[in-house]
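Reproduced below: start.tsv, with TSV, C-alpha atoms and all ligand atoms.
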chain	number	residue	atom	x	y	z
A	44	MET	CA	-11.80	34.66	-10.99
A	45	ASN	CA	-11.09	32.69	-7.81
A	46	VAL	CA	-9.87	29.11	-8.07
A	47	GLU	CA	-10.45	28.65	-4.27
A	48	ASN	CA	-7.79	26.03	-3.69
A	49	LYS	CA	-9.67	23.47	-5.78
A	50	LYS	CA	-8.23	21.36	-8.57
A	51	VAL	CA	-8.84	23.00	-11.94
A	52	LYS	CA	-9.78	21.52	-15.32
A	53	GLU	CA	-8.11	22.38	-18.64
A	54	GLY	CA	-9.44	25.65	-20.07
A	55	GLU	CA	-11.53	26.52	-16.99
A	56	HIS	CA	-9.48	29.62	-16.04
A	57	SER	CA	-7.40	32.16	-17.86
A	58	ALA	CA	-3.62	31.80	-18.04
A	59	ALA	CA	-3.27	35.08	-16.10
A	60	CYS	CA	-5.45	33.75	-13.25
A	61	LEU	CA	-3.57	30.45	-13.10
A	62	LYS	CA	-0.20	32.21	-13.10
A	63	GLN	CA	-1.33	34.38	-10.18
A	64	GLU	CA	-2.46	31.33	-8.22
A	65	ILE	CA	0.74	29.45	-9.04
A	66	GLU	CA	2.76	32.41	-7.68
A	67	ARG	CA	0.68	32.38	-4.48
A	68	LEU	CA	1.07	28.62	-3.91
A	69	LYS	CA	4.78	28.82	-4.66
A	70	LYS	CA	5.30	31.34	-1.85
A	71	GLU	CA	2.94	29.57	0.53
A	72	LYS	CA	4.73	26.23	0.10
A	73	ASN	CA	8.32	27.45	-0.33
A	74	ALA	CA	8.37	25.82	-3.75
A	75	VAL	CA	10.56	26.56	-6.74
A	76	ILE	CA	9.60	25.91	-10.35
A	77	LEU	CA	12.27	24.72	-12.78
A	78	ALA	CA	11.37	24.50	-16.47
A	79	HIS	CA	13.12	23.10	-19.51
A	80	TYR	CA	13.28	25.18	-22.71
A	81	TYR	CA	10.88	22.74	-24.42
A	82	GLN	CA	8.00	23.62	-22.09
A	83	ILE	CA	5.09	25.73	-23.36
A	84	GLY	CA	5.76	29.48	-23.15
A	85	ASP	CA	3.30	30.05	-20.28
A	86	ILE	CA	5.17	27.55	-18.09
A	87	GLN	CA	8.56	29.04	-18.98
A	88	ASP	CA	7.17	32.48	-18.05
A	89	VAL	CA	5.98	31.37	-14.61
A	90	ALA	CA	9.15	29.37	-13.80
A	91	ASP	CA	11.80	30.61	-11.37
A	92	TYR	CA	14.52	29.10	-13.52
A	93	ILE	CA	14.60	27.85	-17.10
A	94	GLY	CA	17.49	25.90	-18.51
A	95	ASP	CA	18.89	22.94	-20.38
A	96	SER	CA	19.26	19.52	-18.72
A	97	LEU	CA	22.64	20.40	-17.22
A	98	ALA	CA	21.52	23.75	-15.82
A	99	LEU	CA	18.38	22.20	-14.29
A	100	ALA	CA	20.51	19.60	-12.44
A	101	GLN	CA	23.01	22.25	-11.31
A	102	ILE	CA	20.26	24.56	-10.06
A	103	ALA	CA	18.32	21.76	-8.30
A	104	GLU	CA	21.43	20.75	-6.38
A	105	LYS	CA	21.80	24.24	-4.88
A	106	LEU	CA	18.17	25.03	-4.01
A	107	THR	CA	17.04	25.55	-0.42
A	108	ALA	CA	13.29	25.32	-1.18
A	109	ASP	CA	11.17	22.54	0.36
A	110	ILE	CA	9.52	21.63	-2.94
A	111	ILE	CA	10.93	21.49	-6.47
A	112	VAL	CA	8.44	21.38	-9.32
A	113	LEU	CA	10.28	20.10	-12.36
A	114	CYS	CA	8.48	21.12	-15.53
A	115	GLY	CA	10.10	18.88	-18.08
A	116	VAL	CA	10.11	15.11	-18.47
A	117	HIS	CA	10.36	12.32	-15.92
A	118	PHE	CA	14.13	11.74	-16.06
A	119	MET	CA	14.69	15.42	-15.24
A	120	GLY	CA	12.53	15.10	-12.10
A	121	GLU	CA	14.35	11.90	-11.22
A	122	THR	CA	17.75	13.59	-11.56
A	123	ALA	CA	16.59	16.39	-9.23
A	124	LYS	CA	15.26	13.84	-6.71
A	125	ILE	CA	18.51	11.83	-6.80
A	126	LEU	CA	20.48	15.04	-6.13
A	127	CYS	CA	18.07	16.31	-3.47
A	128	PRO	CA	16.60	13.22	-1.74
A	129	GLU	CA	15.38	15.28	1.23
A	130	LYS	CA	13.23	17.52	-0.96
A	131	LYS	CA	9.80	16.85	-2.38
A	132	VAL	CA	10.15	16.76	-6.18
A	133	LEU	CA	6.94	17.13	-8.17
A	134	VAL	CA	6.20	16.91	-11.89
A	135	PRO	CA	2.99	18.30	-13.43
A	136	ASP	CA	2.33	15.10	-15.42
A	137	ALA	CA	3.83	11.76	-14.41
A	138	GLU	CA	3.25	10.45	-17.96
A	139	ALA	CA	5.78	12.90	-19.41
A	140	GLY	CA	8.41	10.34	-20.38
A	141	CYS	CA	11.14	10.35	-23.02
A	142	SER	CA	11.49	8.05	-26.03
A	143	LEU	CA	15.27	8.26	-25.77
A	144	ALA	CA	15.30	7.18	-22.11
A	145	ASP	CA	12.82	4.42	-23.04
A	146	SER	CA	15.16	3.18	-25.78
A	147	CYS	CA	17.54	1.92	-23.08
A	148	ASP	CA	16.19	-0.86	-20.88
A	149	ALA	CA	18.29	-1.21	-17.70
A	150	GLU	CA	18.52	-5.02	-17.84
A	151	GLU	CA	19.62	-5.02	-21.50
A	152	PHE	CA	22.07	-2.21	-20.80
A	153	ALA	CA	23.50	-4.20	-17.86
A	154	ARG	CA	24.09	-7.17	-20.21
A	155	PHE	CA	25.73	-4.89	-22.79
A	156	THR	CA	28.10	-3.30	-20.25
A	157	ALA	CA	28.91	-6.75	-18.78
A	158	GLU	CA	30.05	-7.89	-22.24
A	159	HIS	CA	32.64	-5.05	-22.24
A	160	PRO	CA	34.06	-5.00	-18.70
A	161	ASP	CA	37.14	-2.96	-19.76
A	162	HIS	CA	34.96	-0.05	-20.98
A	163	LEU	CA	34.06	3.06	-19.00
A	164	VAL	CA	30.29	3.59	-19.14
A	165	ILE	CA	29.08	7.08	-20.11
A	166	SER	CA	25.34	7.70	-20.15
A	167	TYR	CA	23.42	10.66	-21.45
A	168	VAL	CA	21.24	12.24	-18.77
A	169	ASN	CA	18.16	11.16	-20.79
A	170	THR	CA	18.09	7.78	-18.99
A	171	SER	CA	16.25	6.16	-16.12
A	172	ALA	CA	17.74	6.13	-12.61
A	173	ALA	CA	18.32	2.37	-13.08
A	174	VAL	CA	20.53	3.01	-16.15
A	175	LYS	CA	22.37	5.82	-14.34
A	176	ALA	CA	23.07	3.33	-11.54
A	177	LEU	CA	25.00	1.21	-14.12
A	178	THR	CA	26.99	4.24	-15.30
A	179	ASP	CA	30.43	5.68	-14.48
A	180	ILE	CA	29.81	9.24	-15.73
A	181	VAL	CA	26.56	10.92	-16.74
A	182	VAL	CA	26.76	13.62	-19.43
A	183	THR	CA	24.38	16.08	-21.05
A	184	SER	CA	24.60	17.55	-24.54
A	185	SER	CA	26.27	20.62	-22.91
A	186	ASN	CA	29.25	18.79	-21.47
A	187	ALA	CA	29.53	15.43	-23.32
A	188	ARG	CA	32.35	16.59	-25.59
A	189	LYS	CA	34.34	18.22	-22.78
A	190	ILE	CA	34.00	15.17	-20.51
A	191	VAL	CA	34.94	12.67	-23.23
A	192	GLU	CA	37.95	14.81	-24.27
A	193	SER	CA	39.14	14.95	-20.65
A	194	LEU	CA	39.53	11.14	-20.53
A	195	PRO	CA	42.78	9.39	-21.53
A	196	ALA	CA	42.94	8.81	-25.32
A	197	ASP	CA	43.21	5.04	-24.89
A	198	GLN	CA	40.23	4.80	-22.51
A	199	LYS	CA	37.63	2.43	-23.98
A	200	ILE	CA	34.16	3.89	-23.64
A	201	ILE	CA	30.56	2.71	-23.93
A	202	PHE	CA	28.20	5.59	-24.72
A	203	GLY	CA	24.46	5.24	-24.29
A	204	PRO	CA	21.72	5.58	-25.17
A	205	ASP	CA	21.72	8.17	-27.99
A	206	ARG	CA	23.48	6.87	-31.13
A	207	ASN	CA	23.23	10.32	-32.75
A	208	LEU	CA	24.87	12.23	-29.89
A	209	GLY	CA	27.40	9.40	-29.58
A	210	ASN	CA	28.20	9.56	-33.31
A	211	TYR	CA	28.56	13.32	-33.11
A	212	ILE	CA	30.95	13.11	-30.13
A	213	ASN	CA	32.94	10.38	-31.93
A	214	SER	CA	33.19	12.60	-35.04
A	215	VAL	CA	34.44	15.71	-33.17
A	216	THR	CA	36.77	13.91	-30.77
A	217	GLY	CA	38.11	11.15	-33.05
A	218	ARG	CA	37.14	8.54	-30.43
A	219	GLU	CA	35.54	5.25	-31.27
A	220	MET	CA	33.09	4.93	-28.41
A	221	LEU	CA	30.89	1.86	-28.50
A	222	LEU	CA	27.35	3.15	-28.99
A	223	TRP	CA	24.01	1.97	-27.66
A	224	ASN	CA	21.45	2.03	-30.45
A	225	GLY	CA	18.91	4.47	-28.99
A	226	ALA	CA	17.38	7.67	-30.34
A	227	CYS	CA	14.87	10.44	-29.70
A	228	HIS	CA	11.79	10.20	-31.93
A	229	VAL	CA	11.52	14.00	-32.15
A	230	HIS	CA	15.09	14.79	-33.17
A	231	GLU	CA	15.30	11.82	-35.56
A	232	ASN	CA	12.31	13.25	-37.36
A	233	PHE	CA	13.96	16.34	-38.88
A	234	SER	CA	14.24	16.19	-42.62
A	235	VAL	CA	17.33	17.18	-44.60
A	236	GLU	CA	15.16	18.02	-47.62
A	237	LYS	CA	12.87	20.36	-45.66
A	238	ILE	CA	15.82	22.17	-44.06
A	239	ILE	CA	17.47	22.60	-47.49
A	240	GLU	CA	14.17	23.96	-48.81
A	241	LEU	CA	14.03	26.49	-45.92
A	242	LYS	CA	17.65	27.44	-46.53
A	243	LYS	CA	16.78	28.24	-50.19
A	244	GLN	CA	14.05	30.58	-48.98
A	245	HIS	CA	16.32	32.12	-46.29
A	246	PRO	CA	19.87	31.89	-47.71
A	247	GLU	CA	21.37	34.09	-44.98
A	248	ALA	CA	19.86	32.06	-42.13
A	249	LYS	CA	22.16	30.16	-39.78
A	250	VAL	CA	21.14	26.56	-39.13
A	251	LEU	CA	21.03	25.56	-35.43
A	252	VAL	CA	20.97	21.81	-34.72
A	253	HIS	CA	20.70	19.75	-31.53
A	254	PRO	CA	23.18	16.82	-31.52
A	255	GLU	CA	20.32	14.32	-31.01
A	256	CYS	CA	19.56	14.86	-34.72
A	257	LYS	CA	20.72	12.42	-37.39
A	258	HIS	CA	24.21	12.84	-38.86
A	259	THR	CA	22.80	14.05	-42.20
A	260	VAL	CA	20.99	16.90	-40.41
A	261	VAL	CA	24.03	17.72	-38.24
A	262	LEU	CA	26.03	18.16	-41.49
A	263	LEU	CA	23.77	21.12	-42.41
A	264	ALA	CA	24.48	22.96	-39.15
A	265	ASP	CA	26.27	26.25	-38.58
A	266	LYS	CA	26.03	25.45	-34.86
A	267	VAL	CA	25.52	22.09	-33.14
A	268	GLY	CA	24.77	22.30	-29.42
A	269	SER	CA	22.55	21.77	-26.43
A	270	THR	CA	19.46	23.94	-26.06
A	271	ALA	CA	21.44	26.42	-23.94
A	272	ALA	CA	24.32	26.50	-26.45
A	273	LEU	CA	21.94	27.14	-29.37
A	274	LEU	CA	20.31	29.99	-27.44
A	275	ASP	CA	23.68	31.48	-26.62
A	276	TYR	CA	24.78	31.25	-30.27
A	277	ALA	CA	21.57	32.98	-31.42
A	278	ARG	CA	22.10	35.81	-28.88
A	279	ARG	CA	25.73	36.40	-29.84
A	280	SER	CA	25.50	35.92	-33.60
A	281	ASP	CA	25.38	38.90	-35.99
A	282	ALA	CA	22.95	36.92	-38.15
A	283	THR	CA	19.31	37.96	-38.07
A	284	GLU	CA	17.66	34.72	-39.27
A	285	PHE	CA	17.98	31.21	-37.85
A	286	ILE	CA	16.56	27.84	-38.87
A	287	VAL	CA	16.12	25.88	-35.65
A	288	ALA	CA	16.34	22.06	-35.71
A	289	THR	CA	15.33	21.15	-32.19
A	290	GLU	CA	12.06	20.94	-30.27
A	291	SER	CA	10.08	24.08	-31.03
A	292	GLY	CA	9.54	25.10	-27.38
A	293	ILE	CA	12.97	26.71	-27.49
A	294	LEU	CA	11.65	29.35	-29.92
A	295	HIS	CA	9.86	31.04	-27.01
A	296	GLU	CA	13.08	31.92	-25.21
A	297	MET	CA	14.89	32.67	-28.49
A	298	ARG	CA	12.23	35.17	-29.54
A	299	LYS	CA	12.08	36.69	-26.05
A	300	GLY	CA	15.85	37.07	-25.87
A	301	CYS	CA	16.28	38.37	-29.44
A	302	PRO	CA	13.01	40.07	-30.47
A	303	GLU	CA	14.71	41.71	-33.47
A	304	LYS	CA	15.78	38.36	-34.96
A	305	THR	CA	13.74	35.79	-36.91
A	306	PHE	CA	13.61	32.15	-35.79
A	307	ILE	CA	12.20	29.60	-38.21
A	308	PRO	CA	11.38	26.14	-36.83
A	309	ALA	CA	12.64	23.23	-38.93
A	310	PRO	CA	9.59	21.04	-39.63
A	311	PRO	CA	9.28	17.31	-38.98
A	312	SER	CA	9.68	15.04	-42.01
A	313	ASP	CA	6.47	13.06	-41.59
A	314	SER	CA	3.78	15.74	-41.37
A	315	THR	CA	2.66	19.07	-42.72
A	316	CYS	CA	3.15	20.77	-39.32
A	317	ALA	CA	5.59	23.67	-39.27
A	318	CYS	CA	7.00	22.78	-35.83
A	319	ASN	CA	8.48	19.62	-34.38
A	320	GLU	CA	7.09	19.16	-30.87
A	321	CYS	CA	7.91	16.63	-28.15
A	322	ASN	CA	4.55	15.14	-27.18
A	323	PHE	CA	5.97	14.28	-23.74
A	324	MET	CA	7.21	17.78	-22.97
A	325	LYS	CA	3.90	19.21	-24.14
A	326	LEU	CA	1.87	17.08	-21.69
A	327	ASN	CA	2.59	19.70	-19.04
A	328	THR	CA	0.06	22.54	-18.88
A	329	LEU	CA	-0.52	25.50	-16.57
A	330	GLU	CA	-3.56	23.69	-15.13
A	331	LYS	CA	-1.49	20.58	-14.30
A	332	LEU	CA	1.23	22.77	-12.81
A	333	TYR	CA	-1.32	24.52	-10.58
A	334	ASN	CA	-2.93	21.20	-9.53
A	335	CYS	CA	0.45	19.70	-8.79
A	336	LEU	CA	1.42	22.59	-6.52
A	337	LEU	CA	-1.96	22.41	-4.82
A	338	THR	CA	-2.05	18.64	-4.18
A	339	GLU	CA	1.73	18.07	-4.06
A	340	GLN	CA	1.25	15.23	-6.53
A	341	PRO	CA	2.54	13.55	-8.70
A	342	GLU	CA	5.67	13.15	-6.61
A	343	ILE	CA	8.88	11.60	-7.96
A	344	GLU	CA	10.14	8.66	-5.90
A	345	VAL	CA	13.43	6.87	-6.53
A	346	ASP	CA	14.31	3.61	-4.82
A	347	PRO	CA	17.02	4.64	-2.29
A	348	GLN	CA	19.41	1.82	-3.31
A	349	THR	CA	19.19	2.82	-6.98
A	350	ALA	CA	19.53	6.50	-6.04
A	351	ALA	CA	22.65	5.81	-3.98
A	352	LYS	CA	24.29	4.26	-7.06
A	353	ALA	CA	22.90	6.79	-9.58
A	354	VAL	CA	24.03	9.85	-7.63
A	355	ARG	CA	27.74	9.03	-8.09
A	356	PRO	CA	27.93	9.40	-11.91
A	357	ILE	CA	25.71	12.50	-11.74
A	358	ARG	CA	27.99	14.13	-9.15
A	359	ARG	CA	31.02	13.12	-11.20
A	360	MET	CA	29.47	14.96	-14.16
A	361	LEU	CA	28.78	18.07	-12.07
A	362	GLU	CA	32.38	18.08	-10.83
A	363	MET	CA	33.72	17.71	-14.39
A	364	SER	CA	31.39	20.35	-15.93
B	1	LIG	P1	19.31	19.66	-23.51
B	1	LIG	O1	20.25	18.96	-22.61
B	1	LIG	O2	19.99	20.29	-24.67
B	1	LIG	O3	18.48	20.60	-22.73
B	1	LIG	O4	18.35	18.58	-24.20
B	1	LIG	C1	17.48	17.79	-23.47
B	1	LIG	C2	16.61	17.01	-24.32
B	1	LIG	O5	15.75	16.29	-23.90
B	1	LIG	C3	16.81	17.13	-25.75
B	1	LIG	O6	15.84	16.45	-26.41
B	2	LIG	FE1	13.14	12.87	-24.84
B	2	LIG	FE2	13.29	13.62	-27.35
B	2	LIG	FE3	11.39	14.64	-25.83
B	2	LIG	FE4	13.98	15.36	-25.44
B	2	LIG	S1	12.70	15.80	-27.22
B	2	LIG	S2	12.48	14.79	-23.88
B	2	LIG	S3	14.99	13.43	-25.93
B	2	LIG	S4	11.59	12.48	-26.42
Mind turning this structure into structure tokens?
Ligand code: 13P
Ligand code: SF4
Amino acid sequence: MNVENKKVKEGEHSAACLKQEIERLKKEKNAVILAHYYQIGDIQDVADYIGDSLALAQIAEKLTADIIVLCGVHFMGETAKILCPEKKVLVPDAEAGCSLADSCDAEEFARFTAEHPDHLVISYVNTSAAVKALTDIVVTSSNARKIVESLPADQKIIFGPDRNLGNYINSVTGREMLLWNGACHVHENFSVEKIIELKKQHPEAKVLVHPECKHTVVLLADKVGSTAALLDYARRSDATEFIVATESGILHEMRKGCPEKTFIPAPPSDSTCACNECNFMKLNTLEKLYNCLLTEQPEIEVDPQTAAKAVRPIRRMLEMS
């Protein structure tokens, strides 16, 4: 089937056809596709690189392509654009936001930090460029612990916006960082009861938990870590069964990397669905990815003044990682 360089509608063409056309456009336009582990499997399969938030920023910084298509959510595209202002950065769906980033309004955060002028400001990468511009060091779930531990013990710290990641870092480092009261609606929605129920059915299974989950869920974990750290643990572990408490897109790469092992998604607390999905991450489809490469839209733009401030804490993170 020929898509003839025209925009496509959902379901109009097969995945195989779209993947072929995406490959063609990628070469034609010197474009590179980066995808987060929470993307649908078809997008992960057509991507040049897949990774966690840290890896995506590190890869973007080093690319020589003219166009970066960031298949993830908006703040990930923004981070790539801030690091590579000369490149065109595209996202398949501009509506792919993040409830955690939205839980931290830049003006309110500016007031909060102004009330504590003696505190260093650490922000999770899941924030807007405007919040990053108010930040001293950006972190991801991969490097937050290492970066906090590298700071002097008496350094006062504000940590935003994720109260769960902040609580977790406080508990493992013994710090008392002042936390912004934000959260991710997906990770907050895992249920202790449902994980305990799964554990009864699979007593040998290791429990893998993302640190954006509530403290009560983190307490059930054999491994707490970023998406990349959970994948690495699953690959290296001698265990053959894993209960996975993070967005279910990660199961694609887990199953691909360890076909002999069993990965059981931890379900959300408020529905009968077996998997907990991020509605924002799942806005991206192969059709939107193809259309975005074709039309070079939607493009991520960051106000240059904000970008000039936001790039410093991101670079500081990359140096400290
Ligand atoms: P990672 O940094 O672990 O990839 O997580 C990003 C994210 O959005 C988690 O919800
Ligand atoms: Fe944001 Fe949560 Fe979705 Fe991650 S899973 S992108 S933190 S809403």
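Compared by their closest atoms to Glu284 of chain A, and using all atoms listed in the file, the residues A:Ser314, A:Val134, A:Lys242, A:Val260 rank with A:Lys242 nearest.
Between atom CA of Glu192 of chain A and atom CA of Lys266 of chain A lies a distance of 19.2 Å.
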**Item:** Nearest residue to Val46 of chain A from the set A:Ser146, A:Asn186, A:Asn207, A:Asn334 (distances using all atoms listed in the file)
**Value:** A:Asn334
**Residue with smallest distance to ligand LIG 2 (chain B) - pool A:Val252, A:Cys227, A:Leu326, A:Ala288, counting all atoms listed in the file** =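 Closest to ligand LIG 2 (chain B) of all the choices is A:Cys227.
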Counting only C-alpha atoms, which residues sit no farther than 8 Å from the position (7.2, 28.2, -6.3) in the file's frame? I'd like them as a tab-separated table (two decimals) with C-alpha atoms, in the coordinates of the input.
chain	number	residue	atom	x	y	z
A	65	ILE	CA	0.74	29.45	-9.04
A	66	GLU	CA	2.76	32.41	-7.68
A	67	ARG	CA	0.68	32.38	-4.48
A	68	LEU	CA	1.07	28.62	-3.91
A	69	LYS	CA	4.78	28.82	-4.66
A	70	LYS	CA	5.30	31.34	-1.85
A	72	LYS	CA	4.73	26.23	0.10
A	73	ASN	CA	8.32	27.45	-0.33
A	74	ALA	CA	8.37	25.82	-3.75
A	75	VAL	CA	10.56	26.56	-6.74
A	76	ILE	CA	9.60	25.91	-10.35
A	90	ALA	CA	9.15	29.37	-13.80
A	91	ASP	CA	11.80	30.61	-11.37
A	110	ILE	CA	9.52	21.63	-2.94
A	111	ILE	CA	10.93	21.49	-6.47
A	112	VAL	CA	8.44	21.38	-9.32
**Asked** Pick from A:Pro135, A:Pro310, A:Gly300, A:Gly292: nearest to Glu236 of chain A, with all atoms listed in the file counted?
**Response** A:Pro310
**Request:** Identify which of the residues A:Tyr92, A:Phe202, A:Tyr167, A:Phe233 lies closest to ligand LIG 1 (chain B), counting only C-alpha atoms and all ligand atoms when measuring atom-to-atom distances.
**Result:** A:Tyr167
**Request:** Residues within 8 Å of ligand LIG 1 (chain B) should be enumerated using all atoms listed in the file and returned as a ChimeraX atom specification.
**Result:** /A:79-80,94-97,116,141,168-169,183-185,227,229-230,253,255,268-272,289-290
Within 9 Å of ligand LIG 2 (chain B) (all atoms listed in the file), residues as a short mmCIF file (atom, residue, chain, number, x, y, z; two decimals) with C-alpha atoms, in the frame of the given file:
data_model
loop_
_atom_site.label_atom_id
_atom_site.label_comp_id
_atom_site.auth_asym_id
_atom_site.auth_seq_id
_atom_site.Cartn_x
_atom_site.Cartn_y
_atom_site.Cartn_z
CA TYR A 81 10.88 22.74 -24.42
CA GLY A 115 10.10 18.88 -18.08
CA VAL A 116 10.11 15.11 -18.47
CA HIS A 117 10.36 12.32 -15.92
CA PHE A 118 14.13 11.74 -16.06
CA MET A 119 14.69 15.42 -15.24
CA ALA A 139 5.78 12.90 -19.41
CA GLY A 140 8.41 10.34 -20.38
CA CYS A 141 11.14 10.35 -23.02
CA SER A 142 11.49 8.05 -26.03
CA LEU A 143 15.27 8.26 -25.77
CA ALA A 144 15.30 7.18 -22.11
CA ASP A 145 12.82 4.42 -23.04
CA ASN A 169 18.16 11.16 -20.79
CA ASP A 205 21.72 8.17 -27.99
CA ALA A 226 17.38 7.67 -30.34
CA CYS A 227 14.87 10.44 -29.70
CA HIS A 228 11.79 10.20 -31.93
CA VAL A 229 11.52 14.00 -32.15
CA HIS A 230 15.09 14.79 -33.17
CA GLU A 231 15.30 11.82 -35.56
CA GLU A 255 20.32 14.32 -31.01
CA THR A 289 15.33 21.15 -32.19
CA GLU A 290 12.06 20.94 -30.27
CA GLU A 320 7.09 19.16 -30.87
CA CYS A 321 7.91 16.63 -28.15
CA ASN A 322 4.55 15.14 -27.18
CA PHE A 323 5.97 14.28 -23.74
CA MET A 324 7.21 17.78 -22.97
CA LYS A 325 3.90 19.21 -24.14
#
**Atom pair atom CA of Leu274 of chain A / atom CA of Asp88 of chain A: separation (Å)** =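 Rounded to one decimal, the two atoms are 16.3 Å apart.
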**Request:** Record the distance separating atom CA of Lys237 of chain A and atom CA of Cys318 of chain A, expressed in Å with one decimal.
**Result:**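 Between atom CA of Lys237 of chain A and atom CA of Cys318 of chain A the gap works out to 11.7 Å.
Among A:Leu337, A:Leu221, A:Ala149, A:Leu294, the residue with the shortest atom-to-atom distance to Asp161 of chain A, counting only C-alpha atoms, is A:Leu221.
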**Message:** Given the point (23.7, 2.9, -25.7) in the coordinates of this file, which residues lie within 7 Å, counting only C-alpha atoms, and how would they look as a list in words?
**Reply:** Cys147, Phe202, Gly203, Pro204, Asp205, Arg206, Leu222, Trp223, Asn224 and Gly225 of chain A
Could the residues in this selection be written to a file with C-alpha atoms, as a PDB file, in the frame of the given file?
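again-v8.pdb written:
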ATOM      1  CA  CYS A 147      17.540   1.920 -23.080  1.00  0.00           C
ATOM      2  CA  PHE A 202      28.200   5.590 -24.720  1.00  0.00           C
ATOM      3  CA  GLY A 203      24.460   5.240 -24.290  1.00  0.00           C
ATOM      4  CA  PRO A 204      21.720   5.580 -25.170  1.00  0.00           C
ATOM      5  CA  ASP A 205      21.720   8.170 -27.990  1.00  0.00           C
ATOM      6  CA  ARG A 206      23.480   6.870 -31.130  1.00  0.00           C
ATOM      7  CA  LEU A 222      27.350   3.150 -28.990  1.00  0.00           C
ATOM      8  CA  TRP A 223      24.010   1.970 -27.660  1.00  0.00           C
ATOM      9  CA  ASN A 224      21.450   2.030 -30.450  1.00  0.00           C
ATOM     10  CA  GLY A 225      18.910   4.470 -28.990  1.00  0.00           C
TER      11      GLY A 225
END
**Long-range neighbours of segment 352-356 of chain A as a list in words, 8 Å cut-off, all atoms listed in the file, 5 positions minimum in chain** =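 Using all atoms listed in the file, the neighbours found are Ile125, Leu126, Ala172, Ala173, Val174, Lys175, Ala176, Leu177, Thr178, Asp179, Ile180 and Val181 of chain A.
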**Message:** Env of Lys62 of chain A: 10 Å cut, atoms = only C-alpha atoms, seq-sep filter 6 positions within chain, self excluded. Answer as a PyMOL selection string.
**Reply:** chain A and resi 68+85-86+88-90+329-330+332-333
Residues at most 9 Å from segment 193-196 of chain A, counting all atoms listed in the file, excluding those fewer than 3 positions away in the same chain, as an mmCIF file with C-alpha atoms, in the frame of the given file?
data_model
loop_
_atom_site.group_PDB
_atom_site.id
_atom_site.type_symbol
_atom_site.label_atom_id
_atom_site.label_comp_id
_atom_site.auth_asym_id
_atom_site.auth_seq_id
_atom_site.Cartn_x
_atom_site.Cartn_y
_atom_site.Cartn_z
ATOM 1 C CA ARG A 188 32.350 16.590 -25.590
ATOM 2 C CA LYS A 189 34.340 18.220 -22.780
ATOM 3 C CA ILE A 190 34.000 15.170 -20.510
ATOM 4 C CA LYS A 199 37.630 2.430 -23.980
ATOM 5 C CA ARG A 218 37.140 8.540 -30.430
ATOM 6 C CA MET A 363 33.720 17.710 -14.390
#
With 8 Å of padding per side, what axis-aligned box (centre and edge lengths, Å, one decimal) covers all the listed atoms of segment 140-150 of chain A? Give it as lines of an AutoDock Vina configuration file.
center_x = 13.5
center_y = 2.7
center_z = -21.9
size_x = 26.1
size_y = 31.4
size_z = 24.3
**Request:** Quick one: everything within 9 Å of Lys124 of chain A, counting only C-alpha atoms, minus sequence neighbours fewer than 2 positions away in the same chain. Send it as a VMD selection string.
**Result:** chain A and resid 103 111 119 to 122 126 to 132 343 to 345 350
